[in-house]
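Structure file my_file25.txt with compact mmCIF, C-alpha atoms and all ligand atoms:
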# COMPACT_ATOMS: atom_id res chain seq x y z
CA MET A 5 -9.27 -164.77 60.04
CA ALA A 6 -5.93 -163.88 58.52
CA LEU A 7 -4.22 -161.43 56.14
CA LEU A 8 -1.82 -162.76 53.52
CA PHE A 9 1.09 -160.46 52.56
CA ARG A 10 2.72 -160.96 49.17
CA SER A 11 5.35 -158.62 47.70
CA ASP A 12 8.87 -159.07 46.45
CA ILE A 13 9.81 -155.43 47.06
CA ASP A 14 8.07 -154.42 50.32
CA SER A 15 9.36 -155.51 53.73
CA PRO A 16 7.01 -158.05 55.38
CA ALA A 17 8.65 -157.49 58.78
CA TRP A 18 8.05 -153.73 58.63
CA TRP A 19 4.49 -154.10 57.34
CA GLY A 20 3.75 -156.76 59.95
CA ASP A 21 4.96 -154.50 62.76
CA GLU A 22 3.00 -151.48 61.54
CA LEU A 23 -0.23 -153.42 61.01
CA ARG A 24 -0.05 -155.34 64.31
CA ALA A 25 0.45 -152.03 66.13
CA LEU A 26 -2.90 -150.91 64.69
CA VAL A 27 -4.75 -154.25 64.72
CA PRO A 28 -3.17 -156.18 67.64
CA ASP A 29 -5.06 -159.44 67.05
CA LEU A 30 -4.20 -159.53 63.32
CA ASP A 31 -3.08 -162.94 62.04
CA PHE A 32 -0.41 -161.64 59.60
CA ARG A 33 0.89 -164.32 57.25
CA VAL A 34 3.67 -163.92 54.70
CA TRP A 35 3.49 -165.82 51.43
CA PRO A 36 4.42 -168.66 50.85
CA ASP A 37 3.76 -169.55 54.52
CA THR A 38 0.00 -169.35 54.11
CA GLY A 39 -1.07 -171.86 56.76
CA ALA A 40 -4.66 -173.00 56.20
CA VAL A 41 -5.74 -170.98 53.15
CA ALA A 42 -9.42 -171.11 54.12
CA GLU A 43 -8.61 -168.83 57.09
CA ILE A 44 -7.29 -166.02 54.87
CA ASP A 45 -9.89 -163.32 54.26
CA THR A 46 -7.69 -160.41 53.13
CA ALA A 47 -4.58 -160.10 50.94
CA LEU A 48 -2.11 -157.19 50.88
CA VAL A 49 -0.20 -157.52 47.64
CA TRP A 50 2.20 -156.12 45.08
CA ARG A 51 2.38 -158.04 41.81
CA PRO A 52 0.90 -161.29 43.12
CA GLU A 53 1.60 -164.23 40.84
CA PRO A 54 -1.38 -165.06 38.61
CA GLY A 55 -3.67 -167.56 40.33
CA LEU A 56 -2.42 -166.86 43.86
CA LEU A 57 -5.54 -164.91 44.86
CA ALA A 58 -7.86 -167.43 43.18
CA GLY A 59 -6.40 -170.03 45.54
CA LEU A 60 -7.81 -168.22 48.60
CA PRO A 61 -11.45 -169.41 48.85
CA GLY A 62 -12.41 -167.15 51.81
CA LEU A 63 -11.02 -163.92 50.32
CA LYS A 64 -13.18 -160.85 51.09
CA ALA A 65 -10.85 -158.01 50.06
CA ILE A 66 -7.65 -157.43 48.10
CA PHE A 67 -5.51 -154.47 49.21
CA SER A 68 -2.97 -153.09 46.72
CA LEU A 69 0.36 -152.05 48.23
CA GLY A 70 0.48 -149.22 45.70
CA ALA A 71 -1.75 -146.53 44.21
CA GLY A 72 -1.97 -148.54 40.99
CA VAL A 73 -3.96 -151.76 40.68
CA ASP A 74 -2.83 -152.88 37.21
CA HIS A 75 -0.57 -155.46 38.89
CA ILE A 76 -3.70 -157.07 40.37
CA PHE A 77 -6.02 -156.79 37.36
CA ALA A 78 -3.28 -158.37 35.21
CA ASP A 79 -4.18 -161.72 36.84
CA PRO A 80 -6.48 -163.60 34.42
CA ASP A 81 -7.73 -165.70 37.35
CA LEU A 82 -8.53 -162.76 39.64
CA PRO A 83 -11.54 -163.74 41.78
CA VAL A 84 -14.63 -161.91 40.49
CA GLY A 85 -16.62 -159.80 42.95
CA VAL A 86 -13.88 -159.42 45.59
CA PRO A 87 -13.32 -155.69 46.18
CA VAL A 88 -9.87 -154.31 45.34
CA THR A 89 -8.58 -151.25 47.20
CA ARG A 90 -5.63 -149.01 46.38
CA VAL A 91 -3.39 -146.60 48.24
CA VAL A 92 -4.53 -142.99 48.57
CA ASP A 93 -2.06 -141.40 50.92
CA ALA A 94 -0.80 -137.90 51.69
CA ASP A 95 2.77 -139.10 52.24
CA MET A 96 2.81 -140.83 48.84
CA THR A 97 1.22 -137.81 47.16
CA GLY A 98 3.84 -135.51 48.68
CA ARG A 99 6.67 -137.73 47.46
CA MET A 100 5.27 -137.81 43.93
CA THR A 101 4.82 -134.05 43.88
CA GLU A 102 8.46 -133.58 44.93
CA TYR A 103 9.67 -135.91 42.18
CA VAL A 104 7.63 -134.19 39.47
CA LEU A 105 8.62 -130.69 40.59
CA PHE A 106 12.29 -131.66 40.69
CA HIS A 107 12.35 -133.11 37.18
CA VAL A 108 10.25 -130.32 35.66
CA LEU A 109 12.51 -127.70 37.24
CA ARG A 110 15.60 -129.60 36.14
CA ARG A 111 14.44 -129.39 32.53
CA HIS A 112 13.05 -125.87 32.84
CA LEU A 113 16.28 -124.48 34.33
CA ARG A 114 18.48 -126.44 31.85
CA HIS A 115 20.28 -128.09 34.72
CA ASP A 116 21.69 -130.96 32.60
CA GLU A 117 23.21 -128.52 30.14
CA TYR A 118 24.91 -126.56 32.96
CA ARG A 119 26.20 -129.84 34.36
CA ASP A 120 27.70 -130.68 30.94
CA GLN A 121 29.16 -127.16 30.67
CA GLN A 122 30.74 -127.54 34.11
CA ALA A 123 32.37 -130.81 33.02
CA ARG A 124 33.94 -128.83 30.15
CA GLY A 125 34.88 -125.89 32.42
CA GLU A 126 32.59 -123.68 30.35
CA TRP A 127 31.06 -120.43 31.74
CA ARG A 128 28.08 -119.63 29.51
CA GLU A 129 24.64 -118.30 30.28
CA LEU A 130 21.71 -120.19 28.73
CA ALA A 131 18.34 -118.53 28.30
CA HIS A 132 15.24 -120.00 29.87
CA PRO A 133 11.69 -118.64 29.89
CA ALA A 134 9.81 -117.50 32.96
CA ALA A 135 7.72 -120.25 34.56
CA ALA A 136 4.56 -118.54 33.26
CA GLU A 137 5.86 -119.05 29.72
CA ARG A 138 6.65 -122.75 30.25
CA ARG A 139 3.80 -125.04 29.26
CA VAL A 140 3.65 -128.18 31.35
CA GLY A 141 1.01 -130.86 30.78
CA VAL A 142 -0.03 -133.53 33.25
CA MET A 143 -1.79 -136.63 31.88
CA GLY A 144 -3.96 -138.10 34.60
CA LEU A 145 -5.40 -135.56 36.99
CA GLY A 146 -6.30 -137.87 39.84
CA VAL A 147 -4.88 -137.94 43.34
CA LEU A 148 -1.22 -137.83 42.24
CA GLY A 149 -1.48 -135.98 38.92
CA GLY A 150 -3.89 -133.44 40.41
CA ALA A 151 -1.50 -132.64 43.28
CA ALA A 152 1.50 -132.34 40.94
CA ALA A 153 -0.44 -130.08 38.57
CA ARG A 154 -1.55 -127.88 41.48
CA ALA A 155 2.02 -127.56 42.80
CA LEU A 156 3.36 -126.70 39.35
CA ALA A 157 0.65 -124.06 38.90
CA ASP A 158 1.45 -122.65 42.35
CA LEU A 159 5.08 -122.23 41.19
CA GLY A 160 3.74 -120.18 38.29
CA PHE A 161 3.98 -122.68 35.41
CA ASP A 162 1.40 -122.63 32.61
CA VAL A 163 -0.22 -125.98 33.44
CA ALA A 164 -2.76 -128.09 31.58
CA GLY A 165 -4.24 -131.39 32.65
CA TYR A 166 -5.69 -134.29 30.73
CA SER A 167 -8.22 -136.75 32.13
CA ARG A 168 -10.91 -139.16 31.01
CA ARG A 169 -13.87 -137.09 32.18
CA ALA A 170 -14.42 -133.34 32.23
CA ARG A 171 -13.64 -131.73 35.59
CA ASP A 172 -12.95 -128.24 36.84
CA MET A 173 -9.64 -127.42 38.45
CA PRO A 174 -9.02 -123.71 39.05
CA GLY A 175 -5.82 -122.42 37.44
CA ILE A 176 -5.33 -125.54 35.29
CA ASP A 177 -6.35 -125.72 31.61
CA ARG A 178 -8.50 -128.81 31.32
CA PHE A 179 -8.62 -131.28 28.43
CA HIS A 180 -10.38 -134.61 28.42
CA GLY A 181 -11.38 -137.59 26.32
CA ALA A 182 -10.21 -138.65 22.88
CA ASP A 183 -10.89 -135.21 21.35
CA GLY A 184 -8.96 -133.40 24.05
CA LEU A 185 -5.71 -135.29 23.67
CA GLU A 186 -4.28 -133.64 20.57
CA PRO A 187 -4.85 -130.00 21.64
CA PHE A 188 -3.46 -130.88 25.07
CA LEU A 189 -0.30 -132.32 23.49
CA ASN A 190 0.10 -129.50 20.96
CA ARG A 191 0.59 -126.99 23.78
CA THR A 192 2.72 -129.18 26.08
CA GLU A 193 6.51 -128.67 26.30
CA ILE A 194 7.05 -130.84 29.37
CA LEU A 195 4.73 -133.84 29.56
CA VAL A 196 4.19 -135.66 32.85
CA CYS A 197 2.43 -139.05 32.64
CA LEU A 198 0.48 -139.97 35.76
CA LEU A 199 -2.22 -142.13 34.19
CA PRO A 200 -3.26 -145.48 35.60
CA LEU A 201 -2.31 -148.43 33.39
CA THR A 202 -5.52 -149.77 31.84
CA ALA A 203 -6.55 -151.28 28.52
CA ALA A 204 -7.26 -147.70 27.34
CA THR A 205 -3.89 -146.23 28.35
CA ALA A 206 -1.40 -149.05 27.63
CA GLY A 207 1.06 -147.89 24.96
CA ILE A 208 -0.36 -144.35 24.93
CA LEU A 209 3.15 -142.80 24.96
CA ASP A 210 3.85 -143.71 21.34
CA GLU A 211 5.02 -142.19 18.06
CA ARG A 212 1.63 -140.59 17.39
CA LEU A 213 1.61 -138.89 20.77
CA PHE A 214 5.23 -137.71 20.45
CA ASP A 215 4.45 -136.29 17.00
CA ALA A 216 1.70 -134.12 18.51
CA LEU A 217 4.13 -132.48 20.98
CA PRO A 218 6.16 -129.40 20.04
CA ASP A 219 9.73 -130.06 18.85
CA GLY A 220 12.16 -130.53 21.70
CA ALA A 221 9.54 -131.54 24.26
CA TRP A 222 10.46 -133.47 27.38
CA LEU A 223 8.77 -136.59 28.79
CA ILE A 224 8.51 -137.51 32.46
CA ASN A 225 6.94 -140.95 32.90
CA VAL A 226 6.16 -141.75 36.51
CA ALA A 227 3.10 -143.90 35.86
CA ARG A 228 3.86 -147.36 34.45
CA GLY A 229 6.44 -148.72 32.01
CA ASN A 230 3.76 -150.20 29.77
CA HIS A 231 2.39 -146.75 29.00
CA LEU A 232 5.51 -146.24 26.89
CA VAL A 233 6.37 -147.76 23.51
CA GLU A 234 10.10 -147.94 24.11
CA ASP A 235 11.23 -148.03 20.46
CA ASP A 236 9.05 -145.01 19.69
CA LEU A 237 10.78 -143.07 22.47
CA LEU A 238 14.22 -143.95 21.11
CA ALA A 239 13.11 -142.84 17.61
CA ALA A 240 11.62 -139.58 18.94
CA LEU A 241 14.87 -138.79 20.78
CA ALA A 242 16.93 -139.62 17.68
CA SER A 243 14.82 -137.32 15.49
CA GLY A 244 14.84 -134.45 18.01
CA ARG A 245 11.07 -134.57 18.38
CA LEU A 246 11.81 -135.15 22.05
CA ALA A 247 14.83 -133.55 23.73
CA GLY A 248 14.90 -135.92 26.66
CA ALA A 249 13.02 -138.15 29.05
CA THR A 250 12.94 -138.91 32.74
CA LEU A 251 11.74 -142.45 33.36
CA ASP A 252 10.94 -143.91 36.76
CA VAL A 253 8.99 -146.94 35.53
CA PHE A 254 9.74 -149.62 32.96
CA ALA A 255 7.99 -152.51 31.24
CA ASP A 256 10.65 -154.82 32.66
CA GLU A 257 11.74 -153.98 36.23
CA PRO A 258 14.52 -154.00 37.32
CA LEU A 259 15.59 -152.57 33.95
CA PRO A 260 17.84 -155.23 32.36
CA ALA A 261 21.56 -154.36 32.29
CA SER A 262 21.67 -154.58 28.49
CA HIS A 263 18.74 -152.19 27.95
CA PRO A 264 19.48 -149.32 25.49
CA PHE A 265 17.97 -146.77 27.93
CA TRP A 266 20.88 -147.16 30.40
CA PRO A 267 23.64 -145.50 28.33
CA HIS A 268 21.32 -143.04 26.53
CA PRO A 269 22.55 -139.47 27.17
CA ALA A 270 19.05 -137.97 26.91
CA ILE A 271 17.38 -140.43 29.30
CA THR A 272 17.39 -140.16 33.08
CA ILE A 273 16.57 -143.37 34.91
CA THR A 274 15.36 -143.83 38.47
CA PRO A 275 14.40 -147.26 39.87
CA HIS A 276 10.62 -146.84 40.43
CA ILE A 277 11.10 -144.64 43.48
CA ALA A 278 9.07 -141.55 42.57
CA ALA A 279 6.53 -142.27 45.31
CA ILE A 280 7.32 -145.28 47.43
CA SER A 281 4.75 -146.91 49.73
CA ASP A 282 5.78 -146.10 53.31
CA PRO A 283 4.08 -148.51 55.74
CA ARG A 284 4.31 -145.97 58.58
CA SER A 285 1.74 -143.90 56.70
CA ILE A 286 -0.13 -146.40 54.53
CA ALA A 287 -0.73 -149.11 57.17
CA LYS A 288 -3.42 -146.83 58.66
CA GLN A 289 -5.74 -147.17 55.68
CA VAL A 290 -5.16 -150.93 55.47
CA ALA A 291 -5.98 -151.25 59.18
CA GLU A 292 -9.04 -149.07 58.63
CA ASN A 293 -10.25 -151.42 55.92
CA ILE A 294 -9.61 -154.52 58.05
CA THR A 295 -11.74 -152.95 60.80
CA ARG A 296 -14.45 -151.94 58.34
CA LEU A 297 -14.55 -155.46 56.92
CA ARG A 298 -14.93 -156.91 60.43
CA ASP A 299 -17.74 -154.43 61.20
CA GLY A 300 -19.49 -155.07 57.89
CA ARG A 301 -18.99 -151.46 56.75
CA ALA A 302 -18.09 -150.26 53.23
CA LEU A 303 -14.35 -150.23 52.43
CA ILE A 304 -12.44 -147.06 51.52
CA ASN A 305 -10.37 -146.51 48.35
CA VAL A 306 -12.16 -149.25 46.41
CA VAL A 307 -11.38 -149.18 42.69
CA ASP A 308 -13.86 -149.63 39.85
CA PRO A 309 -13.04 -152.95 38.15
CA GLY A 310 -14.87 -151.78 35.03
CA ALA A 311 -12.61 -148.73 34.61
CA GLY A 312 -9.53 -150.62 35.83
CA TYR A 313 -8.43 -147.87 38.27
N1 LIG B 1 6.29 -144.23 40.02
C1 LIG B 1 5.78 -144.39 41.21
O1 LIG B 1 6.48 -144.49 42.22
C2 LIG B 1 4.28 -144.43 41.35
C3 LIG B 1 3.72 -144.34 42.63
C4 LIG B 1 2.34 -144.32 42.77
C5 LIG B 1 1.52 -144.38 41.64
N2 LIG B 1 2.09 -144.46 40.39
C6 LIG B 1 1.21 -144.49 39.20
O2 LIG B 1 0.39 -143.32 39.18
C7 LIG B 1 -0.89 -143.69 38.69
C8 LIG B 1 -1.91 -142.61 39.02
O3 LIG B 1 -2.22 -142.63 40.40
P1 LIG B 1 -3.42 -141.75 41.01
O4 LIG B 1 -3.56 -142.11 42.42
O5 LIG B 1 -3.24 -140.32 40.67
O6 LIG B 1 -4.66 -142.33 40.16
P2 LIG B 1 -6.17 -141.79 40.14
O7 LIG B 1 -6.44 -140.93 41.32
O8 LIG B 1 -7.02 -142.98 39.91
O9 LIG B 1 -6.22 -140.83 38.85
C9 LIG B 1 -6.17 -141.32 37.55
C10 LIG B 1 -6.34 -140.16 36.57
O10 LIG B 1 -6.12 -140.66 35.25
C11 LIG B 1 -7.24 -140.32 34.45
N3 LIG B 1 -7.48 -141.35 33.43
C12 LIG B 1 -7.74 -142.66 33.61
N4 LIG B 1 -7.92 -143.28 32.43
C13 LIG B 1 -7.79 -142.33 31.48
C14 LIG B 1 -7.86 -142.33 30.08
N5 LIG B 1 -8.16 -143.44 29.38
N6 LIG B 1 -7.67 -141.16 29.42
C15 LIG B 1 -7.40 -140.03 30.10
N7 LIG B 1 -7.31 -139.95 31.44
C16 LIG B 1 -7.50 -141.09 32.12
C17 LIG B 1 -8.41 -140.23 35.39
O11 LIG B 1 -9.43 -139.49 34.79
P3 LIG B 1 -10.79 -139.13 35.58
O12 LIG B 1 -10.40 -138.01 36.54
O13 LIG B 1 -11.69 -138.68 34.53
O14 LIG B 1 -11.20 -140.40 36.29
C18 LIG B 1 -7.74 -139.56 36.60
O15 LIG B 1 -7.68 -138.18 36.41
C19 LIG B 1 -1.12 -145.05 39.35
O16 LIG B 1 -2.11 -145.79 38.67
C20 LIG B 1 0.25 -145.69 39.23
O17 LIG B 1 0.35 -146.40 38.01
C21 LIG B 1 3.44 -144.48 40.23

Encoded form using structure tokens:
Amino acid sequence: MALLFRSDIDSPAWWGDELRALVPDLDFRVWPDTGAVAEIDTALVWRPEPGLLAGLPGLKAIFSLGAGVDHIFADPDLPVGVPVTRVVDADMTGRMTEYVLFHVLRRHLRHDEYRDQQARGEWRELAHPAAAERRVGVMGLGVLGGAAARALADLGFDVAGYSRRARDMPGIDRFHGADGLEPFLNRTEILVCLLPLTAATAGILDERLFDALPDGAWLINVARGNHLVEDDLLAALASGRLAGATLDVFADEPLPASHPFWPHPAITITPHIAAISDPRSIAKQVAENITRLRDGRALINVVDPGAGY
């Protein structure tokens, strides 16, 4: 049986080497060189073209190359009943925590304003509150959001988290569900989005949400571009409702050269690098699932197709 690799951003050579080191007899095939499709029983994918997976009649598992699975569930022809797994990985979690801490601290310490002052040769002290007086809110308190919230709280920030279901997390103010969103936003000066992209969360970063934040709030979107209503962000920045935004993810990636976000002085852009998938770390859980499948054991990191994450 064979594994089919399909991604236009991850290195097939690197992934092939890492996986064959762990599963020496693995038949690793790189799309579009599928060979006999009936022999393929697993697929390791990032943004597979719609219909590709439906064309693999012996498919027993679909492995996402990322923590998110929206790129798989977006396929209207996705085979029903084939388990989908996602990445849960300490290396990825660490990278995301670093990214979130950096951009929260950058805003908190007014780094951009000092950089602008330096360009003008201006020596002027700007006030900033103690971390305990800075209210940060993390939307999505799962593997990545939970770790970022914990690290922010450990630095002394006043942290709240927002999730779908009620959960306890010591040292973090918890909000959940439709009723919890507004009070969560009302107290949040720096908002970090780490939600999965699902039917319930698409377009959640919109005018209504921005209006519920305090004036001059800051947005850090490290989840998915389709969480954000782009025109609503531009309007919120123009009105001063938001002071700025750090965006790592975009509806259209790579972000087109003509996009109004590029020259915007209040927007920081990074090219979807907040937490990259490093095969040296992540190949282990893919290999584990290949072995489990062969042994007839339950897979790890399986997502709930009903919830979409
Ligand atoms: N930029 C990057 O480089 C990068 C890298 C990796 C991942 N990501 C993004 O990060 C996302 C989160 O990853 P993760 O591993 O932390 O996911 P996760 O462990 O599945 O956690 C998801 C969290 O979101 C909450 N949630 C889901 N739907 C919700 C809703 N409708 N309302 C409120 N809360 C909701 C969940 O609530 P419950 O706790 O109640 O279930 C959970 O706390 C991924 O889906 C991906 O899009 C980005």

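Using only C-alpha atoms for every distance, the candidate list A:Ala170, A:Leu130, A:Ala287, A:Val306 yields A:Ala287 as the residue closest to Leu23 in chain A.
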
Measuring atom to atom with all atoms listed in the file, identify which of A:Ala157, A:Ala261, A:Leu69, A:Leu223 is nearest to ligand LIG 1 (chain B). A:Leu69

Which chains and residue numbers are within 8 Å of ligand LIG 1 (chain B), counting only C-alpha atoms and all ligand atoms, if I want them as an NGL selection string? :A and (70-74 or 91-92 or 96-97 or 100 or 143-150 or 166-171 or 180-182 or 198-202 or 204-205 or 225-228 or 252-253 or 276-281 or 311 or 313)

Export, as a PDB file, in the frame of the given file, the selected residues with C-alpha atoms.
ATOM      1  CA  GLY A  70       0.480-149.220  45.700  1.00  0.00           C
ATOM      2  CA  ALA A  71      -1.750-146.530  44.210  1.00  0.00           C
ATOM      3  CA  GLY A  72      -1.970-148.540  40.990  1.00  0.00           C
ATOM      4  CA  VAL A  73      -3.960-151.760  40.680  1.00  0.00           C
ATOM      5  CA  ASP A  74      -2.830-152.880  37.210  1.00  0.00           C
ATOM      6  CA  VAL A  91      -3.390-146.600  48.240  1.00  0.00           C
ATOM      7  CA  VAL A  92      -4.530-142.990  48.570  1.00  0.00           C
ATOM      8  CA  MET A  96       2.810-140.830  48.840  1.00  0.00           C
ATOM      9  CA  THR A  97       1.220-137.810  47.160  1.00  0.00           C
ATOM     10  CA  MET A 100       5.270-137.810  43.930  1.00  0.00           C
ATOM     11  CA  MET A 143      -1.790-136.630  31.880  1.00  0.00           C
ATOM     12  CA  GLY A 144      -3.960-138.100  34.600  1.00  0.00           C
ATOM     13  CA  LEU A 145      -5.400-135.560  36.990  1.00  0.00           C
ATOM     14  CA  GLY A 146      -6.300-137.870  39.840  1.00  0.00           C
ATOM     15  CA  VAL A 147      -4.880-137.940  43.340  1.00  0.00           C
ATOM     16  CA  LEU A 148      -1.220-137.830  42.240  1.00  0.00           C
ATOM     17  CA  GLY A 149      -1.480-135.980  38.920  1.00  0.00           C
ATOM     18  CA  GLY A 150      -3.890-133.440  40.410  1.00  0.00           C
ATOM     19  CA  TYR A 166      -5.690-134.290  30.730  1.00  0.00           C
ATOM     20  CA  SER A 167      -8.220-136.750  32.130  1.00  0.00           C
ATOM     21  CA  ARG A 168     -10.910-139.160  31.010  1.00  0.00           C
ATOM     22  CA  ARG A 169     -13.870-137.090  32.180  1.00  0.00           C
ATOM     23  CA  ALA A 170     -14.420-133.340  32.230  1.00  0.00           C
ATOM     24  CA  ARG A 171     -13.640-131.730  35.590  1.00  0.00           C
ATOM     25  CA  HIS A 180     -10.380-134.610  28.420  1.00  0.00           C
ATOM     26  CA  GLY A 181     -11.380-137.590  26.320  1.00  0.00           C
ATOM     27  CA  ALA A 182     -10.210-138.650  22.880  1.00  0.00           C
ATOM     28  CA  LEU A 198       0.480-139.970  35.760  1.00  0.00           C
ATOM     29  CA  LEU A 199      -2.220-142.130  34.190  1.00  0.00           C
ATOM     30  CA  PRO A 200      -3.260-145.480  35.600  1.00  0.00           C
ATOM     31  CA  LEU A 201      -2.310-148.430  33.390  1.00  0.00           C
ATOM     32  CA  THR A 202      -5.520-149.770  31.840  1.00  0.00           C
ATOM     33  CA  ALA A 204      -7.260-147.700  27.340  1.00  0.00           C
ATOM     34  CA  THR A 205      -3.890-146.230  28.350  1.00  0.00           C
ATOM     35  CA  ASN A 225       6.940-140.950  32.900  1.00  0.00           C
ATOM     36  CA  VAL A 226       6.160-141.750  36.510  1.00  0.00           C
ATOM     37  CA  ALA A 227       3.100-143.900  35.860  1.00  0.00           C
ATOM     38  CA  ARG A 228       3.860-147.360  34.450  1.00  0.00           C
ATOM     39  CA  ASP A 252      10.940-143.910  36.760  1.00  0.00           C
ATOM     40  CA  VAL A 253       8.990-146.940  35.530  1.00  0.00           C
ATOM     41  CA  HIS A 276      10.620-146.840  40.430  1.00  0.00           C
ATOM     42  CA  ILE A 277      11.100-144.640  43.480  1.00  0.00           C
ATOM     43  CA  ALA A 278       9.070-141.550  42.570  1.00  0.00           C
ATOM     44  CA  ALA A 279       6.530-142.270  45.310  1.00  0.00           C
ATOM     45  CA  ILE A 280       7.320-145.280  47.430  1.00  0.00           C
ATOM     46  CA  SER A 281       4.750-146.910  49.730  1.00  0.00           C
ATOM     47  CA  ALA A 311     -12.610-148.730  34.610  1.00  0.00           C
ATOM     48  CA  TYR A 313      -8.430-147.870  38.270  1.00  0.00           C
TER      49      TYR A 313
END

With only C-alpha atoms as the counted atoms, please give the residues lying no more than 12 Å from Glu186 in chain A, apart from itself and same-chain residues fewer than 6 positions off, as number ranges by chain. A: 141, 143, 166, 179-180, 192, 212-218

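Counting all atoms listed in the file, Glu117 in chain A has the following residues at most 12 Å away, ignoring those fewer than 4 positions along the same chain: Arg110, Arg111, His112, Leu113, Gln121, Gln122, Ala123, Arg124, Glu126, Trp127, Arg128, Glu129, Leu130, Ala131, His132, Ala247, Gly248, Pro269 and Ala270 of chain A.
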
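The interatomic distance for the pair CA of Ile224 in chain A and CA of Val104 in chain A works out to 7.8 Å.
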
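Distances from A:Asp12, A:Asp95, A:Glu211, A:Asp29 to Leu241 in chain A were compared using only C-alpha atoms, and the smallest one belongs to A:Glu211.
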
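Nearest residue to Asp14 in chain A, choosing from A:Gly300, A:Gly312, A:Pro275, A:Pro283 and counting only C-alpha atoms: A:Pro283.
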
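Taking CA of Asn293 in chain A as the reference point, CA of Ala94 in chain A is found at 17.0 Å.
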
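Ranking A:Asp256, A:Glu102, A:Asp299, A:Glu292 by their shortest atom-to-atom distance to Leu156 in chain A, with all atoms listed in the file included, puts A:Glu102 first.
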
Because the input lacks atoms here, generate all heavy atoms for range 225-230 of chain A and report them as a short mmCIF file (atom, residue, chain, number, x, y, z; two decimals), keeping the file's coordinate frame.
data_model
loop_
_atom_site.label_atom_id
_atom_site.label_comp_id
_atom_site.auth_asym_id
_atom_site.auth_seq_id
_atom_site.Cartn_x
_atom_site.Cartn_y
_atom_site.Cartn_z
N ASN A 225 7.89 -139.85 32.68
CA ASN A 225 6.94 -140.95 32.90
C ASN A 225 7.13 -141.53 34.29
O ASN A 225 8.13 -142.17 34.59
CB ASN A 225 7.08 -142.06 31.85
CG ASN A 225 5.97 -143.11 32.01
OD1 ASN A 225 4.92 -142.85 32.62
ND2 ASN A 225 6.20 -144.30 31.47
N VAL A 226 6.13 -141.25 35.13
CA VAL A 226 6.16 -141.75 36.51
C VAL A 226 4.97 -142.66 36.78
O VAL A 226 4.64 -142.94 37.91
CB VAL A 226 6.14 -140.59 37.54
CG1 VAL A 226 7.51 -140.20 37.97
CG2 VAL A 226 5.36 -139.40 37.03
N ALA A 227 4.32 -143.11 35.68
CA ALA A 227 3.10 -143.90 35.86
C ALA A 227 3.43 -145.39 35.81
O ALA A 227 3.66 -146.01 36.86
CB ALA A 227 2.08 -143.49 34.81
N ARG A 228 3.50 -145.95 34.61
CA ARG A 228 3.86 -147.36 34.45
C ARG A 228 4.69 -147.52 33.17
O ARG A 228 4.44 -146.81 32.17
CB ARG A 228 2.62 -148.24 34.33
CG ARG A 228 1.89 -148.45 35.65
CD ARG A 228 2.66 -149.35 36.63
NE ARG A 228 1.92 -149.58 37.86
CZ ARG A 228 2.12 -148.90 38.99
NH1 ARG A 228 3.03 -147.95 39.05
NH2 ARG A 228 1.40 -149.18 40.07
N GLY A 229 5.59 -148.48 33.18
CA GLY A 229 6.44 -148.72 32.01
C GLY A 229 5.64 -149.07 30.77
O GLY A 229 6.01 -148.66 29.65
N ASN A 230 4.52 -149.78 30.95
CA ASN A 230 3.76 -150.20 29.77
C ASN A 230 2.92 -149.08 29.16
O ASN A 230 2.23 -149.30 28.17
CB ASN A 230 2.88 -151.42 30.10
CG ASN A 230 3.73 -152.69 30.17
OD1 ASN A 230 4.65 -152.89 29.37
ND2 ASN A 230 3.47 -153.52 31.16
#
